[in-house]
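Q: The structure under discussion is supplied below as C-alpha cells; questions concerning it will follow.
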Amino acid sequence: MKDSSKEGTRFEAEDEERAEKLVAGFRALSDEVGKVIVGQQQVVEQVVIAIYAGGHCLLQGVPGLAKTMLVRTLADSMSLSFRRIQFTPDLMPADITGTEIIQEDSETGRRRLIFQPGPIFTQMLLADEINRTPPKTQAALLEAMQEQRVTIGQDTYGLEKPFFVLATQNPIEQEGTYPLPEAQKDRFLFQINVGYPSKEEEREILRRTTGAFGADVSPVLDGEDIQMAHELIRKVPVPDHVTDYVLDLVRATRSAEEDASGYVKRMIEWGAGPRACQHMILGGKVHALLRGRTHVTVEDVQALALPTLRHRVVPTFHAEAEGITVDHIINDLLYQVLPGESQRVL
C-alpha cells in the first residue's frame, strides 16, 4: 500500500495488512462472481464497496439482467446467512419482520404471545423487486436498515451483524410498480443502474445459459472479514479539501440554497441531504483502499457521485419534460462544482 494522506497520517502496520487483505478479498470475490455473472464489473465493484462500507444497495434495471442472480452469487461467495423476499402487491409488513403468535404453555395452560421472526432476521437480505409492493410494506424495512433492529409491539429485537439489504427494483415507468418513498431511498448507500450487456457479453451469456455450463461458487469472505472492513475504513483519513468538495457537490443539488445556480433551480425540485455526504465519504474511502491508497481523493468521490446521488435528487417537471435525466443533472454538476475552489462555473 502507498502512503496515506498529505496530512501525514499513516496506517499502523496492522492496518496496512488489513487493507491488503481487504483488497485480496475483493479480488477473490470478483473472481467468484465472474464464474456466474458475465461482465458488469463496475456493478460488482459498487455493490462490494457498499458492503465494505456497511451500507445497503439498490439495483435498478429492466427484468432479465441477472440482478437477482448477482445478489445470490454474492451471497454464495460470502459465509453469511441469506434470505430472499419476493415483494408482491399482497405482501404485508409482518411477512418481512415477523409477528407475534398466541401459544399455549403446556405446563400452566396459559396462553402467551410468542414472537415468530420473519426473513429479515438474517445477515444478507435480498429484497427482490422491492417496488412491486405498496409503500406500507416497503416501510417495514426502514428501522432495520437504519438501526439494525426490529420493533414488534413493545419489544425490540436486534439483528445479527453484519446486516445488509440488497434490493432490486424495476424502472418505475413499468406497470405495477410503486415508487419508493424518499425516506427509504435515502437509506440506500448506492442506487446502481444495471444496463444491457455488450454484444460479446450477451454471446457469452447465451453460451452459458443454453448449454451444459455449470459453475461452483465458493465462499471467500465471512462476517469477520466484513466487520473488519467496517472498522478499517473508519481509519482512512480524508483531507480537508476532499471534505469541502463533498460538501460543495452535495449542497449544489439543493435549489433552496441562497447561492443555488439558475440551472439547479430549473432542474432540481429536491436535493440530497446530509446522509449523501456521509455515504459519499464512506464509499470514497473504500474506493481508495481498493486502489492501494490509504487516503481519499477527489477522484474517488467523483467516481461514486452517480450511484450516491441519483436516488436522492428529484428533478423538476421542466427537466422531465425536456427528457433530462437525473444522471445528466449530476454529470453537469460535476462540471459546475470545481474541486478546491468552492465555486460553481455555471
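Labels used: A, B, ... for chains in the order of the C-alpha cells, numbers from 1 for residues in each chain, and numbers from 1 for ligands as shown.
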List the neighbours of A:Glu269 out to 7 Å using only C-alpha atoms; skip same-chain residues closer than 4 positions along the sequence, and give me the result as a list in words.
A: Ser255, Val314, Pro315 and Thr316 of chain A
Q: Quick one: DSSP alpha helix (DSSP H) residues in stretch 7-182 of chain A, as a ChimeraX atom specification?
A: /A:13-34,41-53,67-76,94-97,135-138,142-147,182
Q: Please produce a file of those selected residues containing C-alpha atoms, as a short mmCIF file (atom, residue, chain, number, x, y, z; two decimals), in the first residue's frame.
A:
data_model
loop_
_atom_site.label_atom_id
_atom_site.label_comp_id
_atom_site.auth_asym_id
_atom_site.auth_seq_id
_atom_site.Cartn_x
_atom_site.Cartn_y
_atom_site.Cartn_z
CA ALA A 13 1.47 -1.89 10.22
CA GLU A 14 -1.52 -3.97 11.31
CA ASP A 15 -3.88 -1.67 9.39
CA GLU A 16 -1.72 -2.00 6.27
CA GLU A 17 -2.06 -5.78 6.48
CA ARG A 18 -5.83 -5.49 6.90
CA ALA A 19 -6.05 -3.20 3.91
CA GLU A 20 -4.12 -5.71 1.79
CA LYS A 21 -6.48 -8.45 2.98
CA LEU A 22 -9.48 -6.31 2.08
CA VAL A 23 -8.17 -5.82 -1.47
CA ALA A 24 -7.38 -9.52 -1.82
CA GLY A 25 -10.90 -10.34 -0.60
CA PHE A 26 -12.40 -8.04 -3.22
CA ARG A 27 -10.40 -9.68 -6.00
CA ALA A 28 -11.32 -13.16 -4.84
CA LEU A 29 -14.98 -12.15 -4.56
CA SER A 30 -14.93 -10.65 -8.06
CA ASP A 31 -13.43 -13.88 -9.42
CA GLU A 32 -16.14 -15.99 -7.80
CA VAL A 33 -18.91 -13.73 -9.08
CA GLY A 34 -17.31 -13.82 -12.54
CA GLN A 41 -17.55 -5.38 -13.39
CA GLN A 42 -18.47 -1.84 -12.36
CA VAL A 43 -21.78 -3.03 -10.88
CA VAL A 44 -19.99 -5.75 -8.90
CA GLU A 45 -17.39 -3.29 -7.62
CA GLN A 46 -20.00 -0.77 -6.48
CA VAL A 47 -22.02 -3.45 -4.68
CA VAL A 48 -18.88 -4.67 -2.89
CA ILE A 49 -17.97 -1.07 -1.98
CA ALA A 50 -21.41 -0.69 -0.38
CA ILE A 51 -20.94 -3.94 1.57
CA TYR A 52 -17.45 -2.96 2.76
CA ALA A 53 -18.79 0.47 3.75
CA LYS A 67 -29.81 -8.61 -10.80
CA THR A 68 -31.20 -11.37 -8.58
CA MET A 69 -28.56 -13.83 -9.77
CA LEU A 70 -25.83 -11.32 -8.94
CA VAL A 71 -27.03 -10.90 -5.35
CA ARG A 72 -27.47 -14.66 -4.90
CA THR A 73 -23.95 -15.28 -6.24
CA LEU A 74 -22.53 -12.67 -3.85
CA ALA A 75 -24.31 -14.45 -1.00
CA ASP A 76 -22.79 -17.77 -2.09
CA ALA A 94 -45.46 -8.90 9.14
CA ASP A 95 -44.34 -11.12 6.26
CA ILE A 96 -40.99 -9.30 6.46
CA THR A 97 -40.42 -8.52 10.12
CA PRO A 135 -45.27 1.80 0.47
CA LYS A 136 -46.79 0.43 3.70
CA THR A 137 -44.88 -2.82 3.23
CA GLN A 138 -41.76 -1.13 1.85
CA LEU A 142 -36.88 1.34 7.44
CA GLU A 143 -35.97 0.65 11.07
CA ALA A 144 -33.92 -2.41 10.18
CA MET A 145 -31.95 -0.56 7.52
CA GLN A 146 -31.15 2.43 9.71
CA GLU A 147 -30.84 0.98 13.22
CA GLU A 182 -37.72 9.38 -0.47
#
Q: Hey, could you make a per-residue contact list for stretch 227-341 of chain A against stretch 189-209 of chain A with 6 Å as the cut-off, showing the nearest pair of atoms and its distance in Å to one decimal, counting only C-alpha atoms, sorted by chain and number, as CSV?
A:
residue,atom,partner,partner_atom,distance
A:His279,CA,A:Leu189,CA,5.7
A:Pro307,CA,A:Phe190,CA,4.8
A:Thr308,CA,A:Phe190,CA,4.9
Q: Using Å and a single decimal, report how far atom CA of A:His295 sits from atom CA of A:Pro237.
A: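 Computing it gives 5.3 Å between the two atoms.
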Q: Between A:Ala127, A:Leu249, A:Ile324, A:Ile37, single out the one closest to A:Leu338, counting only C-alpha atoms.
A: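 When distances to A:Leu338 are compared using only C-alpha atoms, the smallest one comes from A:Leu249.
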Q: From the DSSP assignment of the backbone, select every residue of stretch 149-307 of chain A that is strand (DSSP E), and format the answer as a list in words.
A: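 After running DSSP on the backbone, stretch 149-307 of chain A has strand (DSSP E) at Arg149, Val150, Thr151, Ile152, Asp155, Thr156, Tyr157, Gly158, Phe164, Val165, Leu166, Ala167, Thr168, Gln169, Phe188, Leu189, Phe190, Gln191, Ile192, Asn193, Leu221, Asp222, Ile268, Glu269 and Trp270 of chain A.
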Q: Output C-alpha atoms of each residue in that selection to a file, as a compact mmCIF listing (two decimals), in the first residue's frame.
A:
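Dumped to selection.txt:
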# COMPACT_ATOMS: atom_id res chain seq x y z
CA ARG A 149 -33.22 -3.70 14.79
CA VAL A 150 -36.92 -4.52 14.55
CA THR A 151 -39.67 -3.35 16.90
CA ILE A 152 -42.72 -5.57 17.27
CA ASP A 155 -40.37 -5.35 22.19
CA THR A 156 -37.26 -4.57 20.16
CA TYR A 157 -35.12 -7.27 18.57
CA GLY A 158 -31.57 -6.68 17.34
CA PHE A 164 -27.28 -5.69 4.51
CA VAL A 165 -30.29 -5.12 2.35
CA LEU A 166 -29.53 -5.66 -1.32
CA ALA A 167 -32.70 -4.68 -3.15
CA THR A 168 -33.64 -4.92 -6.80
CA GLN A 169 -36.27 -2.81 -8.49
CA PHE A 188 -29.53 3.09 0.46
CA LEU A 189 -25.88 3.98 0.15
CA PHE A 190 -25.96 3.45 -3.62
CA GLN A 191 -28.51 3.13 -6.38
CA ILE A 192 -26.77 1.16 -9.10
CA ASN A 193 -28.27 1.15 -12.57
CA LEU A 221 -15.25 -13.89 2.80
CA ASP A 222 -17.06 -14.20 6.10
CA ILE A 268 -33.89 20.13 -9.35
CA GLU A 269 -37.00 20.05 -7.18
CA TRP A 270 -35.36 18.49 -4.12
Q: What separation in Å, quoted to one decimal, exists between atom CA of A:Asp259 and atom CA of A:Gln336?
A: 13.1 Å
Q: Quote the spacing between atom CA of A:Glu224 and atom CA of A:Lys161 in Å to one decimal place.
A: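 For atom CA of A:Glu224 relative to atom CA of A:Lys161, the distance reads 9.5 Å.
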Q: Hey, which of A:Asp300, A:Arg254, A:Met267, A:Thr177 ends up closest to A:Glu322? Count only C-alpha atoms.
A: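 Comparing A:Asp300, A:Arg254, A:Met267, A:Thr177 against A:Glu322, the winner is A:Met267.
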Q: Which one is closest to A:Asn131: A:Val264, A:Pro171, A:Pro162, A:Glu107? Count only C-alpha atoms.
A: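 For A:Asn131, the nearest of the given residues is A:Pro171.
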Q: Closest to A:Asp90 among A:Gln60, A:Thr133, A:Gln154, A:Gln116, using only C-alpha atoms?
A: A:Thr133
